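K.L.:
Structure in C-alpha coordinates, see below.
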Amino acid sequence: ASKNVTVVVVPSSANSTISVSPTSIKADGTSLATVTITIKDANNQPIAGQIASFAATGTGNTLVQPVGLTDASGVVTGTISSTVLEAKTLSIATPLGLSATSTLTLTPSQLSLSMLTPTNSGTCSSLSISGQGSTGVVGNFAATTTVNLSAGASSTAKFYSDSGCTTQTTTATVNSGASTGVVWFKDTIYESVTVTASATGLTSGSLTFYNYKSCLLFLTSASGATWTIPSDWGLYNTNHGSWSNLIEVVGGGGGGTSYAGSNKGCGGGGGGA
(Lines give C-alpha, C1' and ligand atoms only; values in the text may rest on other atoms or scores of the structure.)
Protein backbone atom coordinates (compact mmCIF):
# COMPACT_ATOMS: atom_id res chain seq x y z
CA ALA A 1 0.00 0.00 0.00
CA SER A 2 1.19 3.51 -0.76
CA LYS A 3 1.82 6.01 1.99
CA ASN A 4 1.74 9.80 1.90
CA VAL A 5 5.00 11.28 3.09
CA THR A 6 5.22 14.91 4.13
CA VAL A 7 8.63 16.49 3.68
CA VAL A 8 9.28 19.56 5.77
CA VAL A 9 12.01 21.79 4.34
CA VAL A 10 13.70 23.81 7.06
CA PRO A 11 15.27 27.18 6.19
CA SER A 12 19.01 27.27 6.80
CA SER A 13 20.51 30.13 8.78
CA ALA A 14 23.84 29.56 7.07
CA ASN A 15 22.44 29.75 3.54
CA SER A 16 19.57 32.26 3.80
CA THR A 17 20.47 35.89 3.15
CA ILE A 18 19.19 39.45 3.29
CA SER A 19 20.62 42.24 1.14
CA VAL A 20 19.83 45.88 0.42
CA SER A 21 20.31 47.96 -2.72
CA PRO A 22 21.50 50.61 -2.91
CA THR A 23 23.51 50.35 0.29
CA SER A 24 23.25 54.09 0.90
CA ILE A 25 20.23 56.43 0.61
CA LYS A 26 19.33 59.94 1.77
CA ALA A 27 17.58 60.35 5.10
CA ASP A 28 14.69 62.25 3.56
CA GLY A 29 11.87 59.76 4.12
CA THR A 30 11.26 59.34 0.40
CA SER A 31 14.44 57.76 -0.98
CA LEU A 32 13.98 53.99 -1.12
CA ALA A 33 16.28 50.99 -0.85
CA THR A 34 15.13 47.54 -1.97
CA VAL A 35 15.47 44.76 0.60
CA THR A 36 15.89 41.26 -0.85
CA ILE A 37 15.36 38.16 1.29
CA THR A 38 16.51 34.78 -0.05
CA ILE A 39 15.46 31.64 1.81
CA LYS A 40 17.44 28.44 1.23
CA ASP A 41 17.71 25.04 2.89
CA ALA A 42 20.71 23.19 4.30
CA ASN A 43 21.58 21.92 0.81
CA ASN A 44 21.66 25.53 -0.45
CA GLN A 45 18.49 24.96 -2.45
CA PRO A 46 15.89 27.75 -2.65
CA ILE A 47 12.67 27.30 -0.73
CA ALA A 48 9.56 28.51 -2.52
CA GLY A 49 6.26 29.34 -0.85
CA GLN A 50 7.70 30.82 2.34
CA ILE A 51 6.42 33.86 4.20
CA ALA A 52 9.35 36.19 4.86
CA SER A 53 9.69 39.60 6.50
CA PHE A 54 12.46 41.83 7.79
CA ALA A 55 13.29 44.25 10.61
CA ALA A 56 15.58 47.29 10.89
CA THR A 57 17.35 48.98 13.77
CA GLY A 58 17.11 52.70 14.52
CA THR A 59 14.24 55.16 14.30
CA GLY A 60 12.31 57.05 11.65
CA ASN A 61 12.05 53.96 9.43
CA THR A 62 9.27 53.08 7.03
CA LEU A 63 9.33 49.38 6.15
CA VAL A 64 7.24 47.99 3.31
CA GLN A 65 7.18 44.24 3.85
CA PRO A 66 7.27 41.70 1.00
CA VAL A 67 3.90 40.87 -0.53
CA GLY A 68 3.23 37.19 -1.18
CA LEU A 69 5.48 34.16 -0.76
CA THR A 70 9.02 33.41 -1.84
CA ASP A 71 9.28 32.55 -5.55
CA ALA A 72 10.99 29.58 -7.17
CA SER A 73 14.35 31.17 -6.37
CA GLY A 74 13.38 31.53 -2.70
CA VAL A 75 13.24 35.32 -3.08
CA VAL A 76 10.88 38.09 -1.90
CA THR A 77 11.52 41.84 -1.82
CA GLY A 78 10.41 44.84 0.23
CA THR A 79 11.58 48.44 0.68
CA ILE A 80 12.89 50.74 3.40
CA SER A 81 13.11 54.51 3.77
CA SER A 82 14.02 56.65 6.77
CA THR A 83 14.12 60.23 8.05
CA VAL A 84 16.87 59.64 10.63
CA LEU A 85 20.50 59.87 9.58
CA GLU A 86 22.19 56.77 11.00
CA ALA A 87 23.36 53.29 9.99
CA LYS A 88 20.59 50.67 9.93
CA THR A 89 21.09 46.95 10.47
CA LEU A 90 18.56 44.86 8.54
CA SER A 91 17.69 41.32 9.60
CA ILE A 92 15.27 38.54 8.66
CA ALA A 93 12.32 38.62 11.07
CA THR A 94 10.51 35.61 9.64
CA PRO A 95 11.14 32.74 9.27
CA LEU A 96 12.48 32.76 12.81
CA GLY A 97 16.00 31.77 13.71
CA LEU A 98 17.83 33.14 10.65
CA SER A 99 20.91 35.17 11.52
CA ALA A 100 21.68 36.96 8.25
CA THR A 101 22.03 40.76 8.38
CA SER A 102 22.79 43.62 6.03
CA THR A 103 23.70 47.28 6.57
CA LEU A 104 22.05 50.36 5.08
CA THR A 105 23.79 53.73 5.43
CA LEU A 106 21.69 56.89 5.63
CA THR A 107 23.29 60.08 4.29
CA PRO A 108 22.40 63.78 4.64
CA SER A 109 19.43 65.12 2.74
CA GLN A 110 19.87 68.78 3.70
CA LEU A 111 22.48 71.30 4.80
CA SER A 112 22.51 73.43 7.94
CA LEU A 113 24.67 76.34 9.06
CA SER A 114 25.74 77.53 12.48
CA MET A 115 28.00 80.33 13.69
CA LEU A 116 30.98 79.07 15.68
CA THR A 117 32.43 82.47 16.64
CA PRO A 118 30.88 85.95 17.03
CA THR A 119 30.57 88.09 13.91
CA ASN A 120 32.17 91.40 14.81
CA SER A 121 32.66 93.82 11.96
CA GLY A 122 36.06 93.47 10.29
CA THR A 123 37.02 90.30 12.18
CA CYS A 124 37.32 86.72 10.94
CA SER A 125 34.52 84.44 12.12
CA SER A 126 33.94 80.74 11.51
CA LEU A 127 30.84 79.04 10.12
CA SER A 128 30.06 75.34 10.47
CA ILE A 129 28.32 73.50 7.62
CA SER A 130 26.60 70.25 8.60
CA GLY A 131 24.64 67.52 6.87
CA GLN A 132 21.30 66.45 8.36
CA GLY A 133 18.43 64.12 7.80
CA SER A 134 14.95 65.55 7.47
CA THR A 135 14.47 65.35 11.27
CA GLY A 136 17.54 67.51 11.92
CA VAL A 137 19.84 64.72 13.13
CA VAL A 138 23.43 65.42 12.01
CA GLY A 139 25.38 62.61 10.35
CA ASN A 140 28.29 61.78 8.09
CA PHE A 141 28.57 62.38 4.36
CA ALA A 142 29.08 59.25 2.27
CA ALA A 143 31.19 61.13 -0.29
CA THR A 144 33.28 64.29 -0.31
CA THR A 145 30.84 67.14 -1.00
CA THR A 146 31.47 70.61 -2.40
CA VAL A 147 29.18 73.21 -0.84
CA ASN A 148 28.50 76.50 -2.63
CA LEU A 149 28.25 79.62 -0.47
CA SER A 150 26.34 82.85 -0.91
CA ALA A 151 26.01 85.98 1.24
CA GLY A 152 22.79 87.13 -0.40
CA ALA A 153 22.53 90.82 -1.20
CA SER A 154 25.65 91.82 0.74
CA SER A 155 28.48 93.20 -1.39
CA THR A 156 31.00 93.34 1.46
CA ALA A 157 30.55 89.94 3.14
CA LYS A 158 33.18 87.44 1.95
CA PHE A 159 34.08 83.81 2.65
CA TYR A 160 37.60 82.50 3.26
CA SER A 161 39.28 79.11 3.32
CA ASP A 162 41.61 80.01 6.22
CA SER A 163 41.20 81.23 9.78
CA GLY A 164 43.12 84.42 9.02
CA CYS A 165 40.65 85.41 6.30
CA THR A 166 43.34 85.93 3.67
CA THR A 167 42.24 83.54 0.88
CA GLN A 168 38.77 84.19 -0.49
CA THR A 169 36.55 81.32 -1.57
CA THR A 170 32.96 80.70 -2.65
CA THR A 171 32.88 77.02 -1.67
CA ALA A 172 33.55 74.77 1.29
CA THR A 173 34.35 71.06 1.39
CA VAL A 174 32.90 68.41 3.67
CA ASN A 175 35.02 65.29 3.46
CA SER A 176 33.71 61.77 3.04
CA GLY A 177 32.99 60.26 6.46
CA ALA A 178 32.79 63.69 8.12
CA SER A 179 29.64 65.37 9.40
CA THR A 180 30.77 69.00 9.17
CA GLY A 181 32.98 71.39 7.27
CA VAL A 182 34.21 74.84 8.30
CA VAL A 183 34.54 78.08 6.36
CA TRP A 184 35.49 81.55 7.58
CA PHE A 185 33.56 84.76 7.11
CA LYS A 186 34.29 88.48 7.30
CA ASP A 187 32.25 91.59 6.66
CA THR A 188 33.44 95.19 6.91
CA ILE A 189 30.16 96.94 7.64
CA TYR A 190 27.37 96.56 10.16
CA GLU A 191 24.49 94.76 8.47
CA SER A 192 22.16 91.79 8.49
CA VAL A 193 23.56 88.93 6.39
CA THR A 194 21.84 85.79 5.14
CA VAL A 195 24.32 83.04 4.29
CA THR A 196 23.11 80.19 2.09
CA ALA A 197 24.83 76.83 1.59
CA SER A 198 23.86 74.64 -1.37
CA ALA A 199 25.11 71.40 -2.91
CA THR A 200 23.97 69.11 -5.68
CA GLY A 201 21.18 66.80 -4.58
CA LEU A 202 20.76 68.38 -1.13
CA THR A 203 18.24 70.81 0.27
CA SER A 204 19.95 74.17 0.86
CA GLY A 205 20.48 75.59 4.33
CA SER A 206 20.57 79.24 5.38
CA LEU A 207 21.46 81.33 8.41
CA THR A 208 20.66 84.98 9.06
CA PHE A 209 22.79 86.88 11.54
CA TYR A 210 23.97 90.39 12.29
CA ASN A 211 27.48 91.60 11.68
CA TYR A 212 28.10 94.25 14.32
CA LYS A 213 30.83 96.03 16.24
CA SER A 214 31.16 94.65 19.73
CA CYS A 215 30.83 97.35 22.36
CA LEU A 216 29.35 98.00 25.76
CA LEU A 217 27.82 101.41 26.43
CA PHE A 218 27.05 102.74 29.89
CA LEU A 219 25.26 106.06 30.19
CA THR A 220 25.22 107.51 33.67
CA SER A 221 23.44 110.70 34.59
CA ALA A 222 21.37 112.32 37.27
CA SER A 223 17.73 111.41 37.44
CA GLY A 224 15.72 113.25 34.83
CA ALA A 225 18.67 114.01 32.52
CA THR A 226 18.07 113.69 28.79
CA TRP A 227 20.51 111.95 26.47
CA THR A 228 20.67 112.54 22.76
CA ILE A 229 21.66 109.45 20.76
CA PRO A 230 23.26 110.14 17.35
CA SER A 231 21.15 108.97 14.42
CA ASP A 232 23.81 106.54 13.18
CA TRP A 233 23.75 104.57 16.40
CA GLY A 234 21.90 101.38 17.06
CA LEU A 235 22.92 98.35 19.04
CA TYR A 236 22.59 94.60 18.75
CA ASN A 237 20.29 94.03 21.69
CA THR A 238 21.73 91.00 23.49
CA ASN A 239 18.74 90.89 25.82
CA HIS A 240 16.43 90.14 22.93
CA GLY A 241 18.84 88.45 20.51
CA SER A 242 18.02 90.70 17.55
CA TRP A 243 18.73 94.10 16.10
CA SER A 244 16.94 96.88 17.90
CA ASN A 245 16.77 100.64 17.63
CA LEU A 246 16.68 100.83 21.42
CA ILE A 247 19.56 101.56 23.73
CA GLU A 248 19.04 100.79 27.39
CA VAL A 249 20.53 103.31 29.81
CA VAL A 250 22.28 101.83 32.83
CA GLY A 251 22.76 103.62 36.16
CA GLY A 252 22.33 107.19 37.38
CA GLY A 253 18.58 106.96 37.88
CA GLY A 254 18.05 106.57 34.15
CA GLY A 255 18.04 102.78 34.22
CA GLY A 256 15.49 101.12 32.01
CA THR A 257 14.89 104.21 29.88
CA SER A 258 15.08 103.55 26.14
CA TYR A 259 16.29 106.03 23.57
CA ALA A 260 15.61 105.78 19.85
CA GLY A 261 18.29 105.56 17.19
CA SER A 262 17.76 105.07 13.49
CA ASN A 263 20.50 102.99 11.88
CA LYS A 264 22.15 99.70 12.74
CA GLY A 265 25.69 100.00 13.96
CA CYS A 266 27.54 100.86 17.12
CA GLY A 267 29.18 104.17 17.92
CA GLY A 268 31.25 105.38 20.83
CA GLY A 269 30.79 108.50 22.88
CA GLY A 270 27.74 110.63 23.34
CA GLY A 271 26.55 113.51 25.41
CA GLY A 272 23.88 114.58 27.82
CA ALA A 273 22.54 117.71 29.30
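Convention: chains lettered A, B, ... in C-alpha coordinates order; per-chain residue numbering from 1; ligands numbered from 1 as shown.
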As a PyMOL selection string, please: the residues near Leu202 of chain A (cut-off 12 Å, only C-alpha atoms, same-chain neighbours under 4 positions excluded).
P.N.:
chain A and resi 26-28+107-112+130-134+141+145-148+197-198
K.L.:
Quick one: residues within 12 Å of segment 60-76 of chain A, only C-alpha atoms counted, chain neighbours fewer than 6 positions away excluded, as a ChimeraX atom specification?
P.N.:
/A:11-12,15-19,27-41,44-54,82-90,92-95,104,106,133-137
K.L.:
Quick one, how far is atom CA of Ser102 of chain A from atom CA of Thr59 of chain A?
P.N.:
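It comes out at 16.6 Å.
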K.L.:
Pick the closest to Cys124 of chain A from A:Ser99, A:Asn140, A:Thr166, A:Ser24: which is it, counting only C-alpha atoms?
P.N.:
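Once distances to Cys124 of chain A are computed over only C-alpha atoms, the minimum belongs to A:Thr166.
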